Amino acid sequence: MPTMLNSYIVIFVPVILAILYSIYLIYWLMKQAEGNAAMIEISKAIREGSMAYLNRQYKTVAAVSVVLALIIGFTLGWATAVAFIVGGIASALTGYIGMNVAVRANSRTAAAAKQGLAPALLVAFRAGSVTGLLVTTIGLLAVAGFYYISGYNISTLIGLSFGASLISIFARLGGGIFTKAADVGTDLVGKVEENIPEDDPRNPGVIADQVGDNVGDCAGMAADLFETYAVTLTAGILLGSIASGVTGSVELPLFLGGVSIVACILGTFFVRLGKNKSIMGALYKGLFASLVFSAIGFYFVFQAVFGNDMVDLYLASLIGLAVTGLMVFVTDYYTSTKYRPVKQISRASKSGHGTNIIIGLSVGMEATLVPALIIVAGILGSFALAGIFGVAIASVAMLSVAGIIVSIDSFGPITDNAGGIAEMTKQPHKIRKITDALDAVGNTTKAVTKGYAIASAGLAALVLFSSYASQVKDAVFSLAEPTVLAGLFLGVAMVYFFAALTLRSVGRTATIVVQEIRRQFREIKGIMNGTAKPEYGKAVDIVTKAAIKEMIIPALIPVVGVLLVGFILGANALGGLLMGVIVGGLFMAISMTTGGGAWDNAKKYIEDDHFGGKGSEAHKAAVTGDTVGDPYKDTTGPAINPLIKVVNIIALLIVKFIH
């Protein structure tokens, strides 16, 4: 049985190792060549735009957080309010540091491409690893640190989770609106109207597009998975205190988190190109090495805590790791250019814009079936082994490898920016070929990690819902109960209304971007022949202001919705709402993110000289499909992920007032 001293070692020594390794990675990265003066100039513009947006966003979120913290302090206690602030700061810090590193790696990745594919891959992945390790390291440090400092006060961890969730939903919404509005506006005017390449320096929106990749896919994903990680640890601790009387079960999620940090560090050393030069294969080596090392480490943790009674819970943890691997494989199948779904959308583009949209929608809908089967099997298998605590352990195990998952995800925006810099600075074809190959894989990795994030959110939300149900006296969550059915309908309606508002926000912001880019092409003579320089900063500033304005109302929907249903219709109706949001949100999020990723890569498949290549009618139809899919995969779909958990966290906070 671990003593308290051993507990500290298992949890905090890996945290220290990860921090030291991250510092080394940053030091190594900063020693790499940045490229020529033109590459440095563009990289600096992307960095300044990204940081300007993030600073504005955090100021807005801080104002909302202060108000909520005061409300929480007066109603739930100041310890919970402090935990709320700690969770928010930790989540924001993760995205802030991770994006700072990512925006300094883009030109370095492009410069490393001069030496070949392997050096460029190494720079991009190591930079992404800093963000990945920060997610789990700061997450574990925040949850474990607050748990011990507060005197094992588990209830305050719900406040910490709420703080992380609030930052996550703002980061996902604001970053998603920014990146897709900039992307859509830039593509529609540049590619379709002016017939210039995606990252052509003549396009006034090109820097805004590059900034969007960082604030949406890097900072947004970091905050998203940080929140999921913290929420899952908290849910595991809550159920550990209820479901098992064995000493050590409460801290078990923290032990698993510590072991898996070491596993993810070891996994990063396995990311190497093989003889077949497969970039995705190199990244998968790191992922599966991390899964194996985690499985080995988990065995010793369960053996130390439970002795001979460890088998069922250990098998539940292996189910969580298996769900991770399967979700990655399935999402890769539906979004990679190598397989049927993407090729099917590309082929449909030959018939026009309409058929591209129809097949793209069908792929997104189809892509929900197998993930649902995987998640159901994971839930039923882990529950059969150890009840709801087994499901919690499977969720914790699944989130335990978030370090390597986010590393692979952050690789995406870094390579996207690197490709853009290579394009804008007119690098030789040999370099462009390498950056394009990295960028194409980056699109798939971003889609894969979104699938993982959504599946993990579903499991975490189920555990949170169980915690809520256990605290409702005389709970009746039956469809024969009218209030439960009413709540169920309202939960699904919340998901759809939330999705509608976020898509509309992207559309409105993109319209503003389109108007600005058209204005510059019209009024600044000489842009097209290269004798005049676009006003990149104006496009960045316009989309920044619009994105921050547009993110407020959708982000408040889960807060207001839960409070209204809980206090007006009661605890049973709120339980129904939670079920509706979990089920409706899970399916919509998977459909949108996977379908959007497939649309994106269908366009890239055509650009690789299939079905007529760039400029063909099929390509124009694919650009339309990609434009529709962009807000699906990078705004609305990912933002539903924190929505699912926010409603459950708020329900846990108010349950004692409504039952």
# chains A, B, ... in the order shown; residues from 1 in each chain; ligands from 1

$ residues_around --residues "segment 27-44 of chain A" --least-positions-apart "3" --cutoff "9 Å" --atoms "only C-alpha atoms" --output "compact mmCIF listing (two decimals) with all heavy atoms, in the first residue's frame"
# COMPACT_ATOMS: atom_id res chain seq x y z
N SER A 22 10.48 19.62 -20.67
CA SER A 22 9.89 20.69 -21.47
C SER A 22 10.85 21.87 -21.60
O SER A 22 10.98 22.48 -22.67
CB SER A 22 8.56 21.16 -20.85
OG SER A 22 7.61 20.12 -20.84
N ILE A 23 11.52 22.21 -20.49
CA ILE A 23 12.51 23.30 -20.53
C ILE A 23 13.64 22.95 -21.49
O ILE A 23 14.09 23.79 -22.28
CB ILE A 23 13.06 23.57 -19.11
CG1 ILE A 23 11.97 24.16 -18.23
CG2 ILE A 23 14.27 24.51 -19.17
CD1 ILE A 23 12.35 24.28 -16.77
N TYR A 24 14.08 21.69 -21.44
CA TYR A 24 15.12 21.25 -22.39
C TYR A 24 14.64 21.37 -23.84
O TYR A 24 15.38 21.85 -24.71
CB TYR A 24 15.53 19.81 -22.10
CG TYR A 24 16.26 19.18 -23.27
CD1 TYR A 24 17.58 19.54 -23.56
CD2 TYR A 24 15.62 18.27 -24.11
CE1 TYR A 24 18.24 18.99 -24.66
CE2 TYR A 24 16.27 17.72 -25.20
CZ TYR A 24 17.58 18.09 -25.47
OH TYR A 24 18.22 17.56 -26.56
N ARG A 47 3.33 35.47 -34.89
CA ARG A 47 3.46 35.44 -33.43
C ARG A 47 2.77 36.65 -32.79
O ARG A 47 2.04 36.51 -31.81
CB ARG A 47 4.94 35.41 -33.05
CG ARG A 47 5.17 35.34 -31.54
CD ARG A 47 6.61 35.00 -31.22
NE ARG A 47 7.54 36.06 -31.57
CZ ARG A 47 8.44 35.99 -32.53
NH1 ARG A 47 8.54 34.90 -33.27
NH2 ARG A 47 9.26 37.00 -32.77
N GLU A 48 3.01 37.82 -33.34
CA GLU A 48 2.42 39.04 -32.77
C GLU A 48 0.89 39.02 -32.88
O GLU A 48 0.19 39.40 -31.94
CB GLU A 48 2.99 40.27 -33.47
CG GLU A 48 4.45 40.54 -33.13
CD GLU A 48 5.04 41.70 -33.91
OE1 GLU A 48 4.36 42.17 -34.87
OE2 GLU A 48 6.15 42.14 -33.59
N GLY A 49 0.37 38.54 -34.01
CA GLY A 49 -1.07 38.45 -34.18
C GLY A 49 -1.69 37.46 -33.22
O GLY A 49 -2.75 37.71 -32.63
N VAL A 101 5.35 28.67 -27.71
CA VAL A 101 6.37 27.78 -28.26
C VAL A 101 6.05 27.44 -29.72
O VAL A 101 6.94 27.46 -30.59
CB VAL A 101 6.48 26.49 -27.42
CG1 VAL A 101 7.45 25.50 -28.08
CG2 VAL A 101 6.94 26.82 -26.01
N VAL A 103 4.37 29.10 -32.05
CA VAL A 103 4.57 30.17 -33.03
C VAL A 103 6.05 30.48 -33.24
O VAL A 103 6.40 31.17 -34.20
CB VAL A 103 3.81 31.45 -32.63
CG1 VAL A 103 2.31 31.22 -32.66
CG2 VAL A 103 4.24 31.96 -31.25
N ARG A 104 6.91 29.99 -32.37
CA ARG A 104 8.34 30.15 -32.56
C ARG A 104 8.96 28.97 -33.31
O ARG A 104 10.14 28.98 -33.64
CB ARG A 104 9.05 30.34 -31.22
CG ARG A 104 8.85 31.73 -30.63
CD ARG A 104 9.32 31.83 -29.19
NE ARG A 104 9.33 33.22 -28.75
CZ ARG A 104 8.27 33.92 -28.38
NH1 ARG A 104 7.07 33.35 -28.42
NH2 ARG A 104 8.38 35.17 -27.99
N ALA A 105 8.12 27.95 -33.54
CA ALA A 105 8.62 26.75 -34.21
C ALA A 105 8.30 26.72 -35.70
O ALA A 105 8.88 25.93 -36.44
CB ALA A 105 8.02 25.51 -33.55
N ASN A 106 7.37 27.60 -36.16
CA ASN A 106 6.94 27.48 -37.55
C ASN A 106 8.05 27.76 -38.55
O ASN A 106 8.29 26.98 -39.47
CB ASN A 106 5.72 28.37 -37.81
CG ASN A 106 5.87 29.76 -37.23
OD1 ASN A 106 6.97 30.31 -37.16
ND2 ASN A 106 4.75 30.36 -36.83
N SER A 107 8.75 28.91 -38.40
CA SER A 107 9.83 29.21 -39.33
C SER A 107 11.00 28.24 -39.15
O SER A 107 11.71 27.92 -40.11
CB SER A 107 10.32 30.65 -39.15
OG SER A 107 10.92 30.84 -37.90
N ARG A 108 11.20 27.78 -37.92
CA ARG A 108 12.28 26.82 -37.66
C ARG A 108 12.00 25.49 -38.35
O ARG A 108 12.92 24.82 -38.82
CB ARG A 108 12.46 26.64 -36.15
CG ARG A 108 13.09 27.86 -35.47
CD ARG A 108 13.16 27.68 -33.95
NE ARG A 108 14.02 28.69 -33.34
CZ ARG A 108 13.64 29.91 -32.98
NH1 ARG A 108 12.37 30.27 -33.18
NH2 ARG A 108 14.49 30.75 -32.43
N THR A 109 10.72 25.10 -38.40
CA THR A 109 10.36 23.88 -39.12
C THR A 109 10.61 24.04 -40.61
O THR A 109 11.15 23.14 -41.27
CB THR A 109 8.88 23.53 -38.86
OG1 THR A 109 8.67 23.35 -37.46
CG2 THR A 109 8.49 22.26 -39.60
N ALA A 110 10.20 25.19 -41.15
CA ALA A 110 10.44 25.45 -42.58
C ALA A 110 11.93 25.48 -42.88
O ALA A 110 12.38 24.97 -43.92
CB ALA A 110 9.79 26.78 -42.97
N ALA A 111 12.72 26.09 -41.99
CA ALA A 111 14.17 26.15 -42.19
C ALA A 111 14.79 24.76 -42.10
O ALA A 111 15.71 24.42 -42.86
CB ALA A 111 14.81 27.08 -41.16
N ALA A 112 14.28 23.93 -41.17
CA ALA A 112 14.82 22.57 -41.01
C ALA A 112 14.53 21.71 -42.23
O ALA A 112 15.25 20.73 -42.50
CB ALA A 112 14.23 21.92 -39.76
N VAL A 123 11.69 18.94 -35.44
CA VAL A 123 11.45 20.28 -34.90
C VAL A 123 9.97 20.47 -34.60
O VAL A 123 9.59 20.93 -33.51
CB VAL A 123 11.94 21.37 -35.89
CG1 VAL A 123 11.48 22.75 -35.43
CG2 VAL A 123 13.46 21.34 -35.99
N ARG A 126 8.81 18.10 -31.63
CA ARG A 126 9.34 18.50 -30.32
C ARG A 126 8.67 19.77 -29.81
O ARG A 126 8.41 19.91 -28.62
CB ARG A 126 10.85 18.68 -30.40
CG ARG A 126 11.62 17.35 -30.41
CD ARG A 126 13.11 17.55 -30.20
NE ARG A 126 13.77 16.30 -29.86
CZ ARG A 126 15.06 16.18 -29.55
NH1 ARG A 126 15.82 17.28 -29.55
NH2 ARG A 126 15.57 15.02 -29.23
N ALA A 127 8.41 20.70 -30.72
CA ALA A 127 7.70 21.92 -30.32
C ALA A 127 6.29 21.58 -29.85
O ALA A 127 5.81 22.11 -28.84
CB ALA A 127 7.65 22.91 -31.48
N ILE A 207 -2.04 36.14 -43.28
CA ILE A 207 -1.48 36.14 -41.93
C ILE A 207 -2.57 35.83 -40.90
O ILE A 207 -2.34 35.07 -39.95
CB ILE A 207 -0.79 37.48 -41.60
CG1 ILE A 207 0.41 37.71 -42.53
CG2 ILE A 207 -0.35 37.53 -40.15
CD1 ILE A 207 1.53 36.71 -42.37
N ASN A 417 1.61 26.31 -40.43
CA ASN A 417 2.31 27.59 -40.51
C ASN A 417 3.62 27.48 -41.28
O ASN A 417 3.99 28.38 -42.05
CB ASN A 417 2.60 28.13 -39.11
CG ASN A 417 1.41 28.80 -38.46
OD1 ASN A 417 1.51 29.29 -37.35
ND2 ASN A 417 0.27 28.82 -39.13
N ALA A 418 4.34 26.37 -41.07
CA ALA A 418 5.61 26.17 -41.77
C ALA A 418 5.38 26.11 -43.28
O ALA A 418 6.14 26.70 -44.06
CB ALA A 418 6.28 24.89 -41.29
N ILE A 421 4.64 29.64 -44.50
CA ILE A 421 5.86 30.45 -44.58
C ILE A 421 6.69 30.06 -45.80
O ILE A 421 7.23 30.93 -46.50
CB ILE A 421 6.68 30.30 -43.28
CG1 ILE A 421 5.95 31.01 -42.13
CG2 ILE A 421 8.09 30.87 -43.43
CD1 ILE A 421 6.56 30.76 -40.76
N ALA A 422 6.79 28.76 -46.06
CA ALA A 422 7.53 28.31 -47.24
C ALA A 422 6.89 28.82 -48.53
O ALA A 422 7.58 29.22 -49.47
CB ALA A 422 7.61 26.78 -47.25
N MET A 424 4.86 31.57 -48.79
CA MET A 424 4.92 33.03 -48.87
C MET A 424 6.32 33.54 -49.20
O MET A 424 6.48 34.61 -49.77
CB MET A 424 4.43 33.65 -47.56
CG MET A 424 2.92 33.57 -47.38
SD MET A 424 2.35 34.41 -45.88
CE MET A 424 2.53 33.12 -44.68
N THR A 425 7.34 32.78 -48.81
CA THR A 425 8.72 33.22 -49.08
C THR A 425 9.31 32.57 -50.32
O THR A 425 10.51 32.69 -50.59
CB THR A 425 9.62 32.92 -47.86
OG1 THR A 425 9.55 31.52 -47.55
CG2 THR A 425 9.19 33.74 -46.65

$ closest_atom_pairs --of "segment 490-606 of chain A" --to "segment 178-201 of chain A" --cutoff "6 Å" --atoms "only C-alpha atoms" --output "CSV"
residue,atom,partner,partner_atom,distance
A:Val506,CA,A:Ala181,CA,5.3
A:Thr509,CA,A:Ala181,CA,5.5
A:Ala510,CA,A:Ala181,CA,4.1
A:Val513,CA,A:Gly185,CA,5.3
A:Val514,CA,A:Gly185,CA,4.7
A:Ala547,CA,A:Phe178,CA,5.3

$ select_by_dssp --residues "segment 136-351 of chain A" --states "helix (DSSP H, G or I)" --output "ChimeraX atom specification"
/A:136-149,156-193,206-243,252-268,279-309,311-335,340-351

$ residues_around --residues "Ile524 of chain A" --least-positions-apart "6" --cutoff "12 Å" --atoms "only C-alpha atoms" --output "short mmCIF file (atom, residue, chain, number, x, y, z; two decimals) with N, CA and C atoms, in the first residue's frame"
data_model
loop_
_atom_site.label_atom_id
_atom_site.label_comp_id
_atom_site.auth_asym_id
_atom_site.auth_seq_id
_atom_site.Cartn_x
_atom_site.Cartn_y
_atom_site.Cartn_z
N ARG A 202 0.18 37.53 -51.59
CA ARG A 202 -0.65 38.62 -52.11
C ARG A 202 -2.03 38.66 -51.45
N ASN A 203 -2.39 37.60 -50.75
CA ASN A 203 -3.71 37.55 -50.12
C ASN A 203 -3.68 38.32 -48.79
N PRO A 204 -4.48 39.38 -48.63
CA PRO A 204 -4.46 40.18 -47.40
C PRO A 204 -4.85 39.40 -46.14
N GLU A 516 -13.25 42.86 -46.12
CA GLU A 516 -11.96 43.54 -45.94
C GLU A 516 -10.96 43.11 -47.01
N ILE A 517 -10.91 41.80 -47.29
CA ILE A 517 -9.96 41.31 -48.30
C ILE A 517 -10.33 41.85 -49.69
N ARG A 518 -11.61 41.85 -49.99
CA ARG A 518 -12.05 42.42 -51.27
C ARG A 518 -11.69 43.90 -51.35
N GLY A 530 2.43 42.22 -57.29
CA GLY A 530 3.52 42.18 -56.33
C GLY A 530 4.24 43.49 -56.08
N THR A 531 3.72 44.60 -56.62
CA THR A 531 4.38 45.89 -56.42
C THR A 531 3.87 46.61 -55.17
N ALA A 532 2.79 46.11 -54.56
CA ALA A 532 2.26 46.69 -53.32
C ALA A 532 2.01 45.57 -52.31
N LYS A 533 2.16 45.91 -51.04
CA LYS A 533 2.02 44.92 -49.98
C LYS A 533 0.65 45.04 -49.32
N PRO A 534 -0.04 43.92 -49.10
CA PRO A 534 -1.34 43.98 -48.42
C PRO A 534 -1.21 44.48 -46.98
N GLU A 535 -2.30 44.94 -46.43
CA GLU A 535 -2.34 45.38 -45.02
C GLU A 535 -2.78 44.19 -44.17
#

$ closest_residue --among "A:Thr228, A:Ser400, A:Ser336, A:Ser155" --to "Gly297 of chain A" --atoms "only C-alpha atoms"
A:Ser400

$ residues_around --residues "segment 249-256 of chain A" --least-positions-apart "2" --cutoff "9 Å" --atoms "only C-alpha atoms" --output "PyMOL selection string"
chain A and resi 7+10-11+140+143-144+232-234+236-247+258-261+294+297-298+301-302+305-306+392-393+396-397+400

$ write_last_selection --atoms "N, CA, C and O atoms" --output "short mmCIF file (atom, residue, chain, number, x, y, z; two decimals), in the first residue's frame"
data_model
loop_
_atom_site.label_atom_id
_atom_site.label_comp_id
_atom_site.auth_asym_id
_atom_site.auth_seq_id
_atom_site.Cartn_x
_atom_site.Cartn_y
_atom_site.Cartn_z
N SER A 7 3.12 8.39 -2.33
CA SER A 7 2.13 9.08 -3.15
C SER A 7 2.73 10.34 -3.77
O SER A 7 2.54 10.60 -4.95
N VAL A 10 5.12 9.27 -6.59
CA VAL A 10 4.45 8.78 -7.80
C VAL A 10 3.80 9.93 -8.58
O VAL A 10 3.77 9.92 -9.81
N ILE A 11 3.30 10.94 -7.87
CA ILE A 11 2.59 12.03 -8.53
C ILE A 11 3.52 13.16 -8.95
O ILE A 11 3.49 13.61 -10.10
N LEU A 140 -2.24 17.69 -13.80
CA LEU A 140 -2.01 16.86 -12.61
C LEU A 140 -1.54 17.70 -11.44
O LEU A 140 -1.97 17.49 -10.29
N VAL A 143 -4.69 19.67 -10.01
CA VAL A 143 -5.66 18.83 -9.30
C VAL A 143 -5.05 18.22 -8.04
O VAL A 143 -5.62 18.31 -6.94
N ALA A 144 -3.88 17.60 -8.17
CA ALA A 144 -3.24 16.97 -7.01
C ALA A 144 -2.83 18.01 -5.98
O ALA A 144 -3.02 17.82 -4.77
N THR A 232 -11.71 14.77 -15.70
CA THR A 232 -11.70 13.31 -15.57
C THR A 232 -11.00 12.88 -14.28
O THR A 232 -11.47 11.96 -13.59
N LEU A 233 -9.88 13.53 -13.95
CA LEU A 233 -9.22 13.23 -12.68
C LEU A 233 -10.16 13.51 -11.51
O LEU A 233 -10.26 12.72 -10.56
N THR A 234 -10.84 14.65 -11.57
CA THR A 234 -11.77 15.03 -10.50
C THR A 234 -12.91 14.02 -10.38
O THR A 234 -13.26 13.60 -9.27
N GLY A 236 -12.88 10.93 -11.32
CA GLY A 236 -12.33 9.67 -10.80
C GLY A 236 -12.13 9.72 -9.30
O GLY A 236 -12.41 8.74 -8.58
N ILE A 237 -11.65 10.85 -8.79
CA ILE A 237 -11.46 11.02 -7.35
C ILE A 237 -12.81 10.99 -6.63
O ILE A 237 -12.96 10.36 -5.57
N LEU A 238 -13.81 11.67 -7.20
CA LEU A 238 -15.14 11.68 -6.60
C LEU A 238 -15.72 10.27 -6.48
O LEU A 238 -16.20 9.88 -5.41
N LEU A 239 -15.64 9.53 -7.57
CA LEU A 239 -16.20 8.18 -7.53
C LEU A 239 -15.34 7.24 -6.70
O LEU A 239 -15.84 6.28 -6.11
N GLY A 240 -14.03 7.51 -6.67
CA GLY A 240 -13.16 6.70 -5.81
C GLY A 240 -13.52 6.83 -4.35
O GLY A 240 -13.39 5.87 -3.58
N SER A 241 -14.00 8.02 -3.97
CA SER A 241 -14.39 8.23 -2.57
C SER A 241 -15.73 7.58 -2.25
O SER A 241 -16.04 7.33 -1.09
N ILE A 242 -16.51 7.28 -3.30
CA ILE A 242 -17.85 6.73 -3.11
C ILE A 242 -17.88 5.22 -3.37
O ILE A 242 -18.44 4.44 -2.60
N ALA A 243 -17.23 4.83 -4.49
CA ALA A 243 -17.43 3.47 -5.01
C ALA A 243 -16.52 2.43 -4.39
O ALA A 243 -16.76 1.24 -4.53
N SER A 244 -15.44 2.83 -3.73
CA SER A 244 -14.51 1.84 -3.21
C SER A 244 -14.04 2.24 -1.83
O SER A 244 -13.68 3.38 -1.60
N GLY A 245 -14.04 1.29 -0.95
CA GLY A 245 -13.59 1.58 0.41
C GLY A 245 -12.14 1.25 0.62
O GLY A 245 -11.61 1.37 1.72
N VAL A 246 -11.43 0.81 -0.42
CA VAL A 246 -10.03 0.42 -0.30
C VAL A 246 -9.15 1.65 -0.22
O VAL A 246 -9.30 2.58 -1.01
N THR A 247 -8.25 1.68 0.73
CA THR A 247 -7.34 2.81 0.88
C THR A 247 -6.51 2.98 -0.39
O THR A 247 -5.97 2.02 -0.93
N GLY A 258 0.42 10.31 -12.90
CA GLY A 258 1.87 10.44 -12.75
C GLY A 258 2.63 9.42 -13.60
O GLY A 258 3.59 9.76 -14.30
N VAL A 259 2.18 8.17 -13.55
CA VAL A 259 2.84 7.11 -14.33
C VAL A 259 2.76 7.40 -15.82
O VAL A 259 3.73 7.23 -16.57
N SER A 260 1.61 7.87 -16.28
CA SER A 260 1.42 8.08 -17.72
C SER A 260 2.22 9.28 -18.23
O SER A 260 2.56 9.33 -19.42
N ILE A 261 2.52 10.25 -17.38
CA ILE A 261 3.40 11.35 -17.81
C ILE A 261 4.76 10.80 -18.22
O ILE A 261 5.33 11.17 -19.25
N SER A 294 2.32 2.99 -20.62
CA SER A 294 1.27 3.27 -19.65
C SER A 294 0.69 1.97 -19.10
O SER A 294 0.47 1.83 -17.88
N GLY A 297 3.16 0.52 -16.65
CA GLY A 297 3.18 1.30 -15.42
C GLY A 297 1.93 1.12 -14.59
O GLY A 297 1.99 1.04 -13.35
N PHE A 298 0.76 1.05 -15.27
CA PHE A 298 -0.50 0.87 -14.55
C PHE A 298 -0.49 -0.43 -13.74
O PHE A 298 -1.04 -0.49 -12.63
N VAL A 301 1.10 0.10 -10.47
CA VAL A 301 0.27 0.96 -9.61
C VAL A 301 -0.86 0.15 -8.99
O VAL A 301 -1.08 0.20 -7.77
N PHE A 302 -1.59 -0.59 -9.81
CA PHE A 302 -2.72 -1.37 -9.29
C PHE A 302 -2.25 -2.46 -8.33
O PHE A 302 -2.90 -2.74 -7.32
N VAL A 305 -1.52 -0.77 -4.99
CA VAL A 305 -2.69 -0.26 -4.27
C VAL A 305 -3.63 -1.37 -3.85
O VAL A 305 -4.14 -1.39 -2.72
N PHE A 306 -3.89 -2.34 -4.74
CA PHE A 306 -4.93 -3.32 -4.49
C PHE A 306 -4.42 -4.75 -4.29
O PHE A 306 -5.20 -5.63 -3.96
N ALA A 392 -14.91 5.04 -14.59
CA ALA A 392 -14.07 6.19 -14.24
C ALA A 392 -12.60 5.89 -14.48
O ALA A 392 -11.85 6.72 -15.02
N ILE A 393 -12.17 4.69 -14.11
CA ILE A 393 -10.77 4.31 -14.32
C ILE A 393 -10.45 4.21 -15.81
O ILE A 393 -9.37 4.61 -16.26
N VAL A 396 -10.00 7.75 -16.98
CA VAL A 396 -8.70 8.29 -16.54
C VAL A 396 -7.58 7.70 -17.38
O VAL A 396 -6.66 8.41 -17.80
N ALA A 397 -7.64 6.40 -17.63
CA ALA A 397 -6.61 5.75 -18.44
C ALA A 397 -6.59 6.32 -19.86
O ALA A 397 -5.52 6.55 -20.44
N SER A 400 -5.02 9.60 -19.77
CA SER A 400 -3.65 9.58 -19.26
C SER A 400 -2.63 9.82 -20.36
O SER A 400 -1.55 10.34 -20.11
#

$ atom_distance --atom1 "atom CA of Ser382 of chain A" --atom2 "atom CA of Met327 of chain A"
16.5 Å

$ residues_around --residues "Phe489 of chain A" --least-positions-apart "6" --cutoff "12 Å" --atoms "only C-alpha atoms" --output "number ranges by chain"
A: 479, 482-483, 495-496, 565, 573-584

$ atom_distance --atom1 "atom CA of Ile408 of chain A" --atom2 "atom CA of Val323 of chain A"
17.4 Å

$ atom_distance --atom1 "atom CA of Ala289 of chain A" --atom2 "atom CA of Gly403 of chain A"
12.5 Å

$ residues_around --residues "Leu273 of chain A" --least-positions-apart "4" --cutoff "12 Å" --atoms "only C-alpha atoms" --output "PyMOL selection string"
chain A and resi 116-122+125+269+277-286

$ residues_around --residues "segment 368-371 of chain A" --least-positions-apart "2" --cutoff "12 Å" --atoms "only C-alpha atoms" --output "PyMOL selection string"
chain A and resi 323-334+361-366+373-378+448+451-452+454-456+458+583-595

$ closest_residue --among "A:Tyr536, A:Tyr605, A:Phe657, A:Tyr632" --to "Gly566 of chain A" --atoms "only C-alpha atoms"
A:Phe657

$ closest_residue --among "A:Gly419, A:Gly613, A:Gly637, A:Gly629" --to "Lys350 of chain A" --atoms "only C-alpha atoms"
A:Gly613

$ closest_residue --among "A:Val655, A:Ala348, A:Ala493, A:Ile640" --to "Ser168 of chain A" --atoms "only C-alpha atoms"
A:Ile640

$ closest_residue --among "A:Gly175, A:Tyr96, A:Glu523, A:Phe611" --to "Glu550 of chain A" --atoms "only C-alpha atoms"
A:Gly175

$ decode --residues "segment 273-283 of chain A" --atoms "N, CA, C and O atoms" --output "mmCIF file, in the first residue's frame"
data_model
loop_
_atom_site.group_PDB
_atom_site.id
_atom_site.type_symbol
_atom_site.label_atom_id
_atom_site.label_comp_id
_atom_site.auth_asym_id
_atom_site.auth_seq_id
_atom_site.Cartn_x
_atom_site.Cartn_y
_atom_site.Cartn_z
ATOM 1 N N LEU A 273 11.264 8.593 -38.247
ATOM 2 C CA LEU A 273 10.908 8.093 -39.576
ATOM 3 C C LEU A 273 11.499 6.716 -39.806
ATOM 4 O O LEU A 273 12.660 6.459 -39.468
ATOM 5 N N GLY A 274 10.687 5.835 -40.383
ATOM 6 C CA GLY A 274 11.185 4.527 -40.755
ATOM 7 C C GLY A 274 11.684 4.513 -42.189
ATOM 8 O O GLY A 274 11.791 5.550 -42.849
ATOM 9 N N LYS A 275 11.953 3.343 -42.692
ATOM 10 C CA LYS A 275 12.462 3.218 -44.065
ATOM 11 C C LYS A 275 11.439 3.677 -45.100
ATOM 12 O O LYS A 275 11.807 4.149 -46.178
ATOM 13 N N ASN A 276 10.154 3.543 -44.761
ATOM 14 C CA ASN A 276 9.119 3.947 -45.717
ATOM 15 C C ASN A 276 8.828 5.444 -45.686
ATOM 16 O O ASN A 276 7.989 5.939 -46.439
ATOM 17 N N LYS A 277 9.512 6.176 -44.786
ATOM 18 C CA LYS A 277 9.379 7.641 -44.687
ATOM 19 C C LYS A 277 7.941 8.077 -44.383
ATOM 20 O O LYS A 277 7.520 9.161 -44.785
ATOM 21 N N SER A 278 7.197 7.245 -43.678
ATOM 22 C CA SER A 278 5.814 7.577 -43.332
ATOM 23 C C SER A 278 5.794 8.527 -42.128
ATOM 24 O O SER A 278 6.214 8.150 -41.027
ATOM 25 N N ILE A 279 5.293 9.744 -42.344
ATOM 26 C CA ILE A 279 5.218 10.726 -41.256
ATOM 27 C C ILE A 279 4.201 10.283 -40.221
ATOM 28 O O ILE A 279 4.460 10.321 -39.011
ATOM 29 N N MET A 280 3.030 9.861 -40.694
ATOM 30 C CA MET A 280 1.995 9.402 -39.774
ATOM 31 C C MET A 280 2.474 8.170 -39.014
ATOM 32 O O MET A 280 2.196 8.018 -37.818
ATOM 33 N N GLY A 281 3.194 7.303 -39.700
ATOM 34 C CA GLY A 281 3.729 6.116 -39.044
ATOM 35 C C GLY A 281 4.689 6.476 -37.927
ATOM 36 O O GLY A 281 4.699 5.847 -36.864
ATOM 37 N N ALA A 282 5.503 7.514 -38.159
ATOM 38 C CA ALA A 282 6.448 7.963 -37.131
ATOM 39 C C ALA A 282 5.710 8.466 -35.897
ATOM 40 O O ALA A 282 6.087 8.161 -34.758
ATOM 41 N N LEU A 283 4.644 9.226 -36.115
ATOM 42 C CA LEU A 283 3.870 9.751 -34.992
ATOM 43 C C LEU A 283 3.138 8.632 -34.254
ATOM 44 O O LEU A 283 3.056 8.641 -33.018
#
